[in-house]
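Peer 1: Contents of model27.cif (mmCIF, C-alpha atoms):
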data_target
#
loop_
_atom_site.label_atom_id
_atom_site.label_comp_id
_atom_site.auth_asym_id
_atom_site.auth_seq_id
_atom_site.Cartn_x
_atom_site.Cartn_y
_atom_site.Cartn_z
CA MET A 16 -2.61 12.38 25.27
CA THR A 17 -0.78 9.02 25.08
CA ARG A 18 -0.67 8.61 28.85
CA ARG A 19 -4.38 9.40 29.19
CA ARG A 20 -5.73 6.90 26.69
CA THR A 21 -8.43 4.63 27.98
CA ALA A 22 -7.66 0.93 28.28
CA ALA A 23 -10.10 0.21 25.48
CA ALA A 24 -8.43 2.68 23.15
CA ALA A 25 -5.03 1.24 23.93
CA ALA A 26 -6.32 -2.24 23.16
CA LEU A 27 -7.66 -1.10 19.80
CA LEU A 28 -4.40 0.57 18.89
CA ALA A 29 -2.45 -2.53 19.88
CA LEU A 30 -4.47 -4.52 17.36
CA LEU A 31 -4.23 -1.89 14.63
CA LEU A 32 -0.65 -0.82 15.17
CA PRO A 33 1.66 -3.39 16.74
CA LEU A 34 4.94 -1.90 17.91
CA PRO A 35 7.22 -1.45 14.93
CA LEU A 36 10.39 -1.95 16.94
CA ALA A 37 10.95 -4.83 19.32
CA ALA A 38 11.25 -3.82 22.96
CA ALA A 39 13.94 -6.50 23.32
CA GLY A 40 16.22 -4.34 21.23
CA THR A 41 16.24 -1.34 23.54
CA ALA A 42 19.48 -2.33 25.26
CA ALA A 43 21.20 -2.59 21.91
CA ALA A 44 20.04 0.90 21.03
CA ALA A 45 21.33 2.28 24.31
CA ASP A 46 24.75 0.71 23.65
CA ALA A 47 24.93 1.74 20.00
CA PRO A 48 27.71 4.17 18.99
CA SER A 49 26.66 7.80 18.89
CA ALA A 50 26.31 9.70 15.64
CA ALA A 51 29.39 11.74 16.54
CA GLU A 52 31.41 8.54 17.11
CA ARG A 53 30.41 7.27 13.68
CA GLY A 54 30.91 10.63 11.99
CA ARG A 55 27.47 10.61 10.32
CA PRO A 56 23.79 10.91 11.24
CA ALA A 57 22.49 8.22 13.58
CA VAL A 58 19.95 7.19 10.97
CA GLU A 59 19.93 7.55 7.20
CA LEU A 60 17.09 6.52 4.91
CA PRO A 61 18.03 4.56 1.78
CA ARG A 62 18.85 6.82 -1.13
CA PRO A 63 16.16 7.25 -3.79
CA THR A 64 16.65 5.24 -6.96
CA GLY A 65 15.56 7.81 -9.57
CA PRO A 66 17.66 10.27 -11.57
CA PHE A 67 16.29 13.47 -10.03
CA ALA A 68 16.95 15.34 -6.83
CA VAL A 69 14.01 15.66 -4.43
CA GLY A 70 12.52 19.01 -3.50
CA ARG A 71 10.31 19.50 -0.47
CA GLU A 72 7.84 22.10 0.71
CA ASP A 73 5.33 21.94 3.59
CA LEU A 74 1.79 23.29 3.25
CA HIS A 75 -0.78 24.15 5.90
CA LEU A 76 -4.31 23.82 4.50
CA VAL A 77 -7.52 24.88 6.24
CA ASP A 78 -10.94 23.62 5.14
CA ARG A 79 -13.36 26.19 6.54
CA SER A 80 -16.34 24.34 5.12
CA ARG A 81 -15.90 21.53 7.67
CA THR A 82 -15.76 21.39 11.46
CA ASP A 83 -12.98 19.17 12.69
CA PRO A 84 -14.61 15.83 13.56
CA TRP A 85 -12.30 15.07 16.48
CA ALA A 86 -11.98 18.48 18.13
CA GLY A 87 -15.69 19.22 17.61
CA SER A 88 -14.87 22.85 16.87
CA GLY A 89 -12.78 24.90 14.48
CA PRO A 90 -12.10 24.14 10.82
CA ARG A 91 -10.49 20.96 9.55
CA GLU A 92 -6.73 21.39 9.08
CA LEU A 93 -4.09 19.43 7.20
CA MET A 94 -0.32 19.50 7.13
CA VAL A 95 1.05 18.34 3.79
CA THR A 96 4.60 17.67 2.66
CA MET A 97 4.96 18.15 -1.08
CA ARG A 98 7.89 16.40 -2.75
CA TYR A 99 8.78 16.87 -6.37
CA PRO A 100 11.52 16.17 -8.92
CA ALA A 101 14.10 18.92 -8.58
CA ARG A 102 17.37 20.17 -9.98
CA ARG A 103 20.50 18.90 -8.30
CA ASP A 104 22.63 21.13 -6.10
CA THR A 105 19.73 23.38 -5.15
CA GLY A 106 17.95 23.78 -1.82
CA SER A 107 19.03 22.79 1.68
CA PRO A 108 18.60 19.59 3.74
CA ALA A 109 15.11 19.16 5.18
CA PRO A 110 14.39 17.91 8.72
CA TYR A 111 12.73 14.53 9.24
CA LEU A 112 10.70 15.51 12.34
CA THR A 113 10.71 18.36 14.81
CA PRO A 114 12.17 17.40 18.20
CA GLU A 115 8.71 17.47 19.80
CA GLU A 116 7.18 15.31 17.06
CA ALA A 117 10.02 12.82 17.52
CA ARG A 118 9.67 12.84 21.31
CA LEU A 119 5.94 12.15 21.20
CA LEU A 120 6.39 9.34 18.70
CA LEU A 121 9.08 7.70 20.84
CA VAL A 122 6.94 7.99 23.97
CA ASP A 123 4.01 6.42 22.17
CA ARG A 124 6.17 3.53 20.96
CA GLY A 125 7.65 3.02 24.44
CA LEU A 126 11.13 3.89 23.18
CA ASP A 127 11.75 7.25 24.84
CA GLN A 128 14.31 5.72 27.24
CA ALA A 129 16.11 3.83 24.48
CA VAL A 130 16.36 6.20 21.52
CA PRO A 131 17.55 9.81 21.79
CA VAL A 132 15.10 12.32 20.37
CA GLU A 133 17.79 13.82 18.19
CA ALA A 134 18.55 10.43 16.62
CA LEU A 135 15.01 10.11 15.28
CA ALA A 136 14.42 13.80 14.55
CA GLY A 137 17.77 14.00 12.77
CA THR A 138 17.16 11.08 10.42
CA ALA A 139 18.92 11.99 7.19
CA SER A 140 16.98 11.88 3.94
CA ALA A 141 17.30 13.13 0.36
CA SER A 142 14.66 15.88 0.59
CA ARG A 143 15.84 19.45 0.10
CA THR A 144 13.82 22.50 1.07
CA GLY A 145 13.66 25.21 -1.56
CA ALA A 146 15.08 23.06 -4.35
CA ARG A 147 14.30 24.29 -7.87
CA PRO A 148 11.63 22.12 -9.50
CA LEU A 149 12.18 20.20 -12.68
CA ALA A 150 10.08 21.70 -15.46
CA GLY A 151 7.15 19.78 -16.88
CA ARG A 152 3.92 18.17 -15.71
CA HIS A 153 4.17 15.14 -13.49
CA PRO A 154 1.71 12.58 -12.11
CA LEU A 155 0.57 13.14 -8.51
CA VAL A 156 0.60 10.48 -5.78
CA VAL A 157 -1.15 11.24 -2.47
CA LEU A 158 0.17 9.35 0.59
CA SER A 159 -1.77 8.87 3.83
CA PRO A 160 0.01 7.42 6.90
CA GLY A 161 -1.11 4.92 9.51
CA PHE A 162 -3.23 5.83 12.51
CA THR A 163 -1.24 7.64 15.25
CA VAL A 164 1.92 8.03 13.13
CA HIS A 165 3.33 11.05 11.34
CA ARG A 166 3.37 11.54 7.57
CA ALA A 167 7.18 11.49 7.77
CA THR A 168 7.03 7.71 8.27
CA LEU A 169 6.40 7.36 4.50
CA THR A 170 9.43 9.47 3.53
CA ALA A 171 11.48 6.69 1.89
CA LEU A 172 8.63 5.86 -0.48
CA ALA A 173 7.76 9.51 -1.14
CA GLU A 174 11.34 10.43 -1.96
CA ASP A 175 11.79 7.53 -4.33
CA LEU A 176 8.64 8.42 -6.27
CA ALA A 177 9.68 12.07 -6.49
CA SER A 178 13.17 11.09 -7.68
CA ARG A 179 11.50 9.15 -10.50
CA GLY A 180 9.39 12.06 -11.70
CA TYR A 181 6.28 12.10 -9.53
CA VAL A 182 4.86 14.88 -7.40
CA VAL A 183 4.01 13.41 -4.00
CA ALA A 184 1.69 14.86 -1.34
CA ALA A 185 2.07 13.20 2.08
CA VAL A 186 -0.78 14.24 4.39
CA ASP A 187 -1.09 14.56 8.16
CA HIS A 188 -4.75 14.58 9.14
CA ALA A 189 -5.27 16.79 12.21
CA TYR A 190 -5.61 15.02 15.58
CA GLU A 191 -4.87 11.58 14.11
CA SER A 192 -1.19 11.29 15.03
CA VAL A 193 0.43 11.32 18.45
CA GLY A 194 2.12 14.58 17.52
CA THR A 195 2.14 16.82 14.46
CA ALA A 196 3.45 20.39 14.38
CA PHE A 197 1.10 23.02 12.98
CA PRO A 198 1.69 26.76 12.51
CA GLY A 199 1.67 29.02 15.54
CA GLY A 200 3.78 26.69 17.67
CA ARG A 201 0.94 24.18 18.00
CA VAL A 202 1.55 20.45 18.24
CA LEU A 203 -1.73 18.59 17.76
CA THR A 204 -2.04 15.21 19.45
CA CYS A 205 -4.31 12.23 18.90
CA LEU A 206 -7.83 13.22 19.91
CA ALA A 207 -9.07 10.57 17.48
CA CYS A 208 -7.34 7.80 19.44
CA ASP A 209 -10.10 7.80 22.05
CA LYS A 210 -12.96 9.02 19.90
CA ALA A 211 -12.51 6.31 17.28
CA GLN A 212 -13.63 3.90 19.99
CA GLU A 213 -17.05 5.48 19.78
CA THR A 214 -17.20 6.19 16.05
CA GLY A 215 -15.41 3.13 14.70
CA MET A 216 -12.47 3.22 12.34
CA ARG A 217 -14.65 3.80 9.29
CA ALA A 218 -15.16 7.35 10.52
CA VAL A 219 -11.38 7.81 10.27
CA SER A 220 -11.10 6.56 6.69
CA ASP A 221 -14.24 8.37 5.54
CA ASN A 222 -12.98 11.64 7.04
CA ARG A 223 -9.61 11.14 5.37
CA ALA A 224 -11.40 10.68 2.04
CA ARG A 225 -12.93 14.15 2.51
CA ASP A 226 -9.50 15.48 3.43
CA VAL A 227 -8.03 14.13 0.22
CA SER A 228 -10.77 15.59 -1.97
CA PHE A 229 -10.16 18.98 -0.31
CA LEU A 230 -6.42 18.55 -0.88
CA LEU A 231 -6.99 17.85 -4.58
CA ASP A 232 -9.21 20.93 -4.82
CA ARG A 233 -6.43 23.06 -3.33
CA LEU A 234 -3.69 21.54 -5.50
CA THR A 235 -5.50 21.38 -8.84
CA GLY A 236 -8.24 24.02 -8.62
CA PRO A 237 -8.26 27.48 -10.19
CA HIS A 238 -6.45 29.12 -7.24
CA PRO A 239 -3.97 26.49 -6.03
CA ALA A 240 -2.45 26.69 -2.57
CA TRP A 241 0.98 25.45 -3.69
CA ARG A 242 3.27 27.73 -5.65
CA HIS A 243 4.51 24.83 -7.79
CA ALA A 244 1.04 23.43 -8.53
CA GLY A 245 1.73 23.84 -12.24
CA LEU A 246 3.95 20.75 -11.98
CA ILE A 247 0.91 18.52 -11.40
CA ASP A 248 -0.78 16.68 -14.24
CA ARG A 249 -4.39 16.84 -13.03
CA GLY A 250 -5.41 13.88 -15.18
CA ARG A 251 -2.92 11.47 -13.56
CA ILE A 252 -3.57 11.10 -9.82
CA ALA A 253 -3.17 8.06 -7.56
CA MET A 254 -3.41 7.51 -3.82
CA ALA A 255 -1.52 5.08 -1.59
CA GLY A 256 -1.82 4.67 2.14
CA HIS A 257 -0.45 2.62 5.02
CA SER A 258 -2.80 0.94 7.51
CA ILE A 259 -5.88 3.15 7.93
CA GLY A 260 -4.36 5.32 5.20
CA GLY A 261 -4.74 2.35 2.86
CA ALA A 262 -8.40 1.97 3.80
CA SER A 263 -8.70 5.69 3.13
CA ALA A 264 -7.48 5.12 -0.44
CA ILE A 265 -10.57 2.97 -1.02
CA ALA A 266 -12.82 5.56 0.61
CA ALA A 267 -11.27 8.38 -1.40
CA MET A 268 -11.56 6.54 -4.70
CA ALA A 269 -15.20 5.72 -3.98
CA ALA A 270 -15.91 9.41 -3.36
CA ASP A 271 -13.64 11.12 -5.90
CA PRO A 272 -13.32 10.05 -9.54
CA ARG A 273 -10.17 12.18 -9.97
CA ILE A 274 -8.17 9.40 -8.27
CA ARG A 275 -7.33 6.96 -11.06
CA ALA A 276 -5.59 4.23 -9.04
CA GLY A 277 -5.07 3.18 -5.42
CA VAL A 278 -2.83 1.16 -3.11
CA ASN A 279 -3.63 -0.21 0.34
CA MET A 280 -0.46 -1.08 2.24
CA ASP A 281 -1.51 -3.51 4.98
CA GLY A 282 -4.65 -1.72 6.15
CA GLY A 283 -7.90 -3.43 7.05
CA ASN A 284 -10.64 -2.03 4.83
CA ALA A 285 -12.56 -0.02 7.41
CA THR A 286 -14.42 1.58 4.51
CA PRO A 287 -15.50 -1.31 2.29
CA VAL A 288 -15.28 -1.31 -1.48
CA PRO A 289 -18.74 -0.26 -2.74
CA ALA A 290 -20.97 -3.03 -4.04
CA THR A 291 -20.76 -1.34 -7.43
CA GLY A 292 -16.95 -1.47 -7.39
CA LEU A 293 -14.52 1.36 -8.15
CA GLY A 294 -15.58 2.07 -11.69
CA GLY A 295 -13.01 -0.25 -13.20
CA ARG A 296 -10.09 1.65 -11.69
CA PRO A 297 -7.00 -0.37 -10.70
CA PHE A 298 -6.16 -1.26 -7.12
CA LEU A 299 -3.23 -2.95 -5.37
CA LEU A 300 -3.49 -4.78 -2.04
CA LEU A 301 0.06 -4.90 -0.68
CA GLY A 302 0.31 -6.66 2.65
CA ALA A 303 2.39 -8.24 5.36
CA GLN A 304 2.92 -11.99 5.45
CA GLN A 305 -0.29 -12.65 7.40
CA ARG A 306 -2.45 -10.72 4.90
CA GLY A 307 -2.81 -13.60 2.44
CA PRO A 308 -6.27 -15.02 1.69
CA GLY A 309 -7.99 -15.86 4.95
CA GLY A 310 -5.68 -13.54 6.88
CA ASN A 311 -7.99 -10.52 6.89
CA ALA A 312 -11.75 -10.71 6.55
CA SER A 313 -12.09 -7.30 4.91
CA TRP A 314 -9.63 -8.17 2.13
CA ASP A 315 -11.43 -11.48 1.49
CA ARG A 316 -14.75 -9.59 1.43
CA ASP A 317 -13.62 -6.82 -0.89
CA TRP A 318 -11.41 -8.67 -3.36
CA PRO A 319 -14.33 -9.78 -5.61
CA LEU A 320 -15.66 -6.19 -5.64
CA LEU A 321 -12.47 -4.71 -7.09
CA ASP A 322 -13.64 -4.46 -10.68
CA GLY A 323 -10.55 -3.20 -12.47
CA TRP A 324 -6.95 -4.36 -12.83
CA LYS A 325 -5.95 -5.73 -9.41
CA ARG A 326 -3.20 -7.54 -7.55
CA TRP A 327 -2.96 -9.06 -4.07
CA ILE A 328 0.70 -9.25 -3.03
CA THR A 329 2.37 -10.07 0.31
CA PHE A 330 5.99 -10.13 1.51
CA ASP A 331 7.33 -13.08 3.52
CA GLY A 332 8.96 -12.13 6.83
CA SER A 333 7.16 -8.81 6.93
CA GLY A 334 4.94 -7.05 9.46
CA HIS A 335 2.50 -4.19 9.68
CA PHE A 336 5.16 -1.47 9.55
CA THR A 337 7.23 -3.05 6.77
CA PHE A 338 5.75 -0.50 4.34
CA SER A 339 6.92 2.50 6.36
CA ASP A 340 10.34 3.88 7.34
CA PHE A 341 10.29 2.08 10.70
CA PRO A 342 12.20 -1.11 9.71
CA ALA A 343 15.04 0.86 8.12
CA ILE A 344 15.24 3.23 11.10
CA GLY A 345 14.95 0.46 13.69
CA GLU A 346 17.62 -1.67 12.05
CA GLN A 347 20.15 1.15 12.28
CA LEU A 348 19.29 1.74 15.94
CA GLY A 349 19.62 -1.93 16.86
CA LEU A 350 15.87 -2.32 17.35
CA ASN A 351 15.10 -5.33 15.21
CA ASP A 352 11.85 -7.27 15.51
CA PRO A 353 12.52 -11.04 15.43
CA GLU A 354 8.91 -11.66 14.38
CA THR A 355 9.43 -9.68 11.15
CA PRO A 356 12.89 -10.72 9.93
CA LEU A 357 12.70 -8.99 6.53
CA PRO A 358 15.66 -6.55 6.70
CA GLY A 359 14.91 -2.85 6.83
CA ALA A 360 16.67 -1.94 3.60
CA ARG A 361 14.93 -4.79 1.82
CA SER A 362 11.55 -3.66 3.18
CA VAL A 363 12.11 -0.24 1.64
CA GLU A 364 13.38 -1.72 -1.63
CA LEU A 365 10.38 -4.02 -2.11
CA THR A 366 7.81 -1.39 -1.12
CA ARG A 367 9.34 1.07 -3.56
CA ARG A 368 9.51 -1.56 -6.30
CA TYR A 369 5.86 -2.62 -6.21
CA VAL A 370 4.24 0.72 -5.47
CA GLY A 371 6.45 2.39 -8.06
CA ALA A 372 5.67 -0.25 -10.68
CA PHE A 373 1.96 0.10 -9.98
CA VAL A 374 1.86 3.85 -10.51
CA ASP A 375 4.18 3.59 -13.50
CA ARG A 376 1.76 1.19 -15.12
CA HIS A 377 -1.47 3.00 -14.32
CA LEU A 378 -0.44 6.66 -14.44
CA ARG A 379 2.22 6.47 -17.14
CA GLY A 380 1.08 3.46 -19.17
CA GLN A 381 4.49 1.80 -18.82
CA SER A 382 4.95 -1.96 -18.95
CA ARG A 383 5.99 -3.31 -15.58
CA PRO A 384 6.37 -7.14 -15.79
CA VAL A 385 7.25 -7.28 -12.09
CA LEU A 386 3.50 -6.95 -11.48
CA ASP A 387 2.66 -10.00 -13.59
CA GLY A 388 3.87 -12.64 -11.16
CA PRO A 389 6.77 -13.93 -9.04
CA SER A 390 10.31 -12.79 -9.82
CA ALA A 391 13.47 -14.80 -9.27
CA ASP A 392 15.14 -11.83 -7.59
CA ALA A 393 12.26 -11.36 -5.13
CA PRO A 394 11.64 -14.76 -3.51
CA GLU A 395 9.93 -13.06 -0.54
CA VAL A 396 7.07 -11.81 -2.71
CA ARG A 397 3.82 -13.82 -3.00
CA PHE A 398 1.05 -13.24 -5.53
CA HIS A 399 -2.38 -14.39 -4.44
CA THR A 400 -5.30 -15.28 -6.74
CA PRO A 401 -8.17 -16.30 -4.45
#
Rewrite the coordinates I just gave you, this time as structure tokens.

Peer 2:
Amino acid sequence: MTRRRTAAAAALLALLLPLPLAAAGTAAAADAPSAAERGRPAVELPRPTGPFAVGREDLHLVDRSRTDPWAGSGPRELMVTMRYPARRDTGSPAPYLTPEEARLLLVDRGLDQAVPVEALAGTASASRTGARPLAGRHPLVVLSPGFTVHRATLTALAEDLASRGYVVAAVDHAYESVGTAFPGGRVLTCLACDKAQETGMRAVSDNRARDVSFLLDRLTGPHPAWRHAGLIDRGRIAMAGHSIGGASAIAAMAADPRIRAGVNMDGGNATPVPATGLGGRPFLLLGAQQRGPGGNASWDRDWPLLDGWKRWITFDGSGHFTFSDFPAIGEQLGLNDPETPLPGARSVELTRRYVGAFVDRHLRGQSRPVLDGPSADAPEVRFHTP
């Protein structure tokens, strides 16, 4: 699929999704010591900060009421990774990506000659398959990734939230990544990459909003699809997304009142905030350095329409992929981007801090002064009040 994209589609993707890892760093990656030489995995995500272990379970959901908008046939399908607070010393380590998912992602990023597939696929994380859940009811956070990239790219954030007592559902929307494994040995590629040229990106975020409503039906309805659905507090649900996933948080909140709060991590608002607002529900715009006022027309347009608690925050030295796992992974592989000098570990730390504080405040009612303005220990963080 990647090799057959039209020139127009490639141009659109270049604007939406600049390469997360600098091509100049490929030689460094090739010369980096192997995992065996270092005696540990080639890549390790930062450890979660909460007190709980992190359980993981993957779900395959099929919405037979909808025809897939990109394939033009067959039902709409989702792959979802559920993470949840779990008991320590239970379960087994979970994979980051399948080898084929990792290969397709590296090819798409132009890094297939620089980074071994096993280095990316074998990224070590805290998630454990089959871990015993921690009893109780916990708030739910839905995560939606950027266009073309896998839901695994939000693992560091998902694990941190789960370690702090949230249930997290990270969603892959069929045919919107360069490679996602589905049951039956299928790996679905990015049919939407070309078709979004015709439909516009709003079709992507609007379709994702429908996906999320279906997901909530299947997680919180009378016959839930997840065996641990009893962990979810149905009255405390938020959504956060990266890039087009962030625009999808707006679309989903506009369509589904069950979502009490939302976060857009550096996504242009392909689906605008409705003229009537979001019913007073809180929203966080969390962006790269260039996303300050005047840096993105859709944020300038929609800021006055956000009619509840709101913040507009950017990180100095950051880029589009700062809010994903890419900076932490790239840093360990010697693939640093000189145009986004914020270190990988710091990118993860700040993203976790502000998203976590936001959901703590609006799903748990906890005071989080870090959201009230600049902090001495976070000089990279800018609060904007246009």

Peer 1: Kindly indicate which residue among A:Thr366, A:Val182, A:Pro90, A:Trp85 lies nearest to Asp209 of chain A, using all atoms listed in the file for the distances.

Peer 2: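 Among the listed residues, the smallest separation from Asp209 of chain A belongs to A:Trp85.
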
Peer 1: Starting from the displayed file, determine the output of the PyMOL selection byres ((chain A and resi 280) around 12) and express the residue list as a PyMOL selection string.

Peer 2: chain A and resi 158-161+169+172+254-265+277-279+281-284+298-304+306+314+327-330+333-339+366-367+369-370

Peer 1: Smallest atom-to-atom distance to Ala184 of chain A: which of A:Ala224, A:Val95, A:Leu378, A:Ala129, using all atoms listed in the file?

Peer 2: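 Selected residue with least distance to Ala184 of chain A: A:Val95.
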
Peer 1: Written as JSON, numbers by chain, which residues does the PyMOL selection byres ((chain A and resi 398) around 8) give for the file shown?

Peer 2: {"A": [326, 327, 328, 329, 388, 389, 396, 397, 399, 400]}

Peer 1: Can those selected residues be exported to a file as a CSV table (one decimal), in the frame of the given file so that it contains C-alpha atoms?

Peer 2:
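Contents of result01.csv, freshly written:
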chain,number,residue,atom,x,y,z
A,326,ARG,CA,-3.2,-7.5,-7.6
A,327,TRP,CA,-3.0,-9.1,-4.1
A,328,ILE,CA,0.7,-9.2,-3.0
A,329,THR,CA,2.4,-10.1,0.3
A,388,GLY,CA,3.9,-12.6,-11.2
A,389,PRO,CA,6.8,-13.9,-9.0
A,396,VAL,CA,7.1,-11.8,-2.7
A,397,ARG,CA,3.8,-13.8,-3.0
A,399,HIS,CA,-2.4,-14.4,-4.4
A,400,THR,CA,-5.3,-15.3,-6.7

Peer 1: Give as a PyMOL selection string the residues that the PyMOL selection byres ((chain A and resi 84) around 12) matches when applied to the coordinates above.

Peer 2: chain A and resi 81-83+85-92+188-191+206-207+210-211+214+218-219+221-223+225-226

Peer 1: Excluding Leu121 of chain A and any residue of its chain fewer than 6 positions from it, enumerate the residues within 10 Å of it, using all atoms listed in the file, and give them as a list in words.

Peer 2: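 Residues meeting the cut-off are Glu115, Asp127, Gln128, Ala129, Val130, Pro131, Val132, Leu135 and Val193 of chain A.
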
Peer 1: Compare A:Leu119, A:Val58, A:Ala146, A:Val77 by their minimum atom-to-atom distance to Ser107 of chain A, counting all atoms listed in the file, and give me the closest one.

Peer 2: A:Ala146

Peer 1: Would you please work out which residue, of A:Leu76, A:Val157, A:Ala372, A:Leu203, is nearest to Met268 of chain A when using all atoms listed in the file?

Peer 2: A:Val157

Peer 1: From the list A:Thr163, A:Thr286, A:Ser382, A:Ser228, which residue is nearest Ile274 of chain A when using all atoms listed in the file?

Peer 2: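 Smallest separation from Ile274 of chain A among the options: A:Ser228.
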
Peer 1: Expressed in Å to a single decimal, how great is the separation between atom CA of His165 of chain A and atom CA of Ser178 of chain A?

Peer 2: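 Those two atoms sit 21.4 Å apart.
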
Peer 1: How far is it from atom CA of Arg296 of chain A to atom CA of Leu234 of chain A, in Å with one decimal?

Peer 2: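 Atom CA of Leu234 of chain A lies at a distance of 21.8 Å from atom CA of Arg296 of chain A.
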
Peer 1: A:Gln381, A:Thr355, A:Thr105, A:Gln347: which is nearest Arg147 of chain A, counting only C-alpha atoms?

Peer 2: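 Under the stated criterion, the closest residue is A:Thr105.
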
Peer 1: Using only C-alpha atoms, which residues sit within 9 Å of Tyr111 of chain A once same-chain residues fewer than 2 positions away are excluded, as a list in words?

Peer 2: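 Selected residues are Ala109, Thr113, Ala117, Leu135, Ala136, Gly137, Thr138, Ala139, Ser140, Ser142, Ala167, Thr168 and Thr170 of chain A.
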
Peer 1: Find the residues around Glu72 of chain A up to 12 Å (all atoms listed in the file counted), leave out those fewer than 2 positions away in its own chain, and share them as a ChimeraX atom specification.

Peer 2: /A:69-70,74-75,94-101,106-110,142-148,182-185,240-244

Peer 1: Can you measure atom CA of Gly309 of chain A to atom CA of Pro401 of chain A for me? One decimal in Å is fine.

Peer 2: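 About the pair atom CA of Gly309 of chain A and atom CA of Pro401 of chain A: they are 9.4 Å apart.
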
Peer 1: Just add all heavy atoms to segment 268-273 of chain A and send it as a PDB file, in the coordinates of the input.

Peer 2:
ATOM      1  N   MET A 268     -11.234   6.896  -3.328  1.00  0.00           N
ATOM      2  CA  MET A 268     -11.560   6.540  -4.700  1.00  0.00           C
ATOM      3  C   MET A 268     -13.067   6.400  -4.897  1.00  0.00           C
ATOM      4  O   MET A 268     -13.607   6.780  -5.942  1.00  0.00           O
ATOM      5  CB  MET A 268     -10.861   5.242  -5.095  1.00  0.00           C
ATOM      6  CG  MET A 268      -9.362   5.401  -5.286  1.00  0.00           C
ATOM      7  SD  MET A 268      -8.545   3.866  -5.795  1.00  0.00           S
ATOM      8  CE  MET A 268      -9.141   3.704  -7.481  1.00  0.00           C
ATOM      9  N   ALA A 269     -13.744   5.858  -3.884  1.00  0.00           N
ATOM     10  CA  ALA A 269     -15.200   5.720  -3.980  1.00  0.00           C
ATOM     11  C   ALA A 269     -15.881   7.080  -4.062  1.00  0.00           C
ATOM     12  O   ALA A 269     -16.935   7.219  -4.694  1.00  0.00           O
ATOM     13  CB  ALA A 269     -15.725   4.920  -2.794  1.00  0.00           C
ATOM     14  N   ALA A 270     -15.275   8.085  -3.440  1.00  0.00           N
ATOM     15  CA  ALA A 270     -15.910   9.410  -3.360  1.00  0.00           C
ATOM     16  C   ALA A 270     -15.425  10.373  -4.436  1.00  0.00           C
ATOM     17  O   ALA A 270     -16.107  11.356  -4.719  1.00  0.00           O
ATOM     18  CB  ALA A 270     -15.641  10.026  -1.983  1.00  0.00           C
ATOM     19  N   ASP A 271     -14.245  10.114  -5.030  1.00  0.00           N
ATOM     20  CA  ASP A 271     -13.640  11.120  -5.900  1.00  0.00           C
ATOM     21  C   ASP A 271     -13.088  10.474  -7.175  1.00  0.00           C
ATOM     22  O   ASP A 271     -12.063   9.786  -7.141  1.00  0.00           O
ATOM     23  CB  ASP A 271     -12.508  11.836  -5.155  1.00  0.00           C
ATOM     24  CG  ASP A 271     -12.109  13.143  -5.808  1.00  0.00           C
ATOM     25  OD1 ASP A 271     -12.089  13.205  -7.049  1.00  0.00           O
ATOM     26  OD2 ASP A 271     -11.814  14.107  -5.072  1.00  0.00           O
ATOM     27  N   PRO A 272     -13.751  10.698  -8.296  1.00  0.00           N
ATOM     28  CA  PRO A 272     -13.320  10.050  -9.540  1.00  0.00           C
ATOM     29  C   PRO A 272     -11.994  10.584 -10.083  1.00  0.00           C
ATOM     30  O   PRO A 272     -11.440  10.010 -11.031  1.00  0.00           O
ATOM     31  CB  PRO A 272     -14.461  10.369 -10.521  1.00  0.00           C
ATOM     32  CG  PRO A 272     -15.102  11.606  -9.973  1.00  0.00           C
ATOM     33  CD  PRO A 272     -14.977  11.493  -8.483  1.00  0.00           C
ATOM     34  N   ARG A 273     -11.461  11.667  -9.511  1.00  0.00           N
ATOM     35  CA  ARG A 273     -10.170  12.180  -9.970  1.00  0.00           C
ATOM     36  C   ARG A 273      -9.025  11.222  -9.655  1.00  0.00           C
ATOM     37  O   ARG A 273      -7.963  11.282 -10.289  1.00  0.00           O
ATOM     38  CB  ARG A 273      -9.902  13.547  -9.337  1.00  0.00           C
ATOM     39  CG  ARG A 273     -10.805  14.647  -9.832  1.00  0.00           C
ATOM     40  CD  ARG A 273     -10.573  15.958  -9.088  1.00  0.00           C
ATOM     41  NE  ARG A 273     -10.989  15.876  -7.683  1.00  0.00           N
ATOM     42  CZ  ARG A 273     -10.961  16.900  -6.832  1.00  0.00           C
ATOM     43  NH1 ARG A 273     -10.509  18.082  -7.257  1.00  0.00           N
ATOM     44  NH2 ARG A 273     -11.371  16.760  -5.584  1.00  0.00           N
TER      45      ARG A 273
END
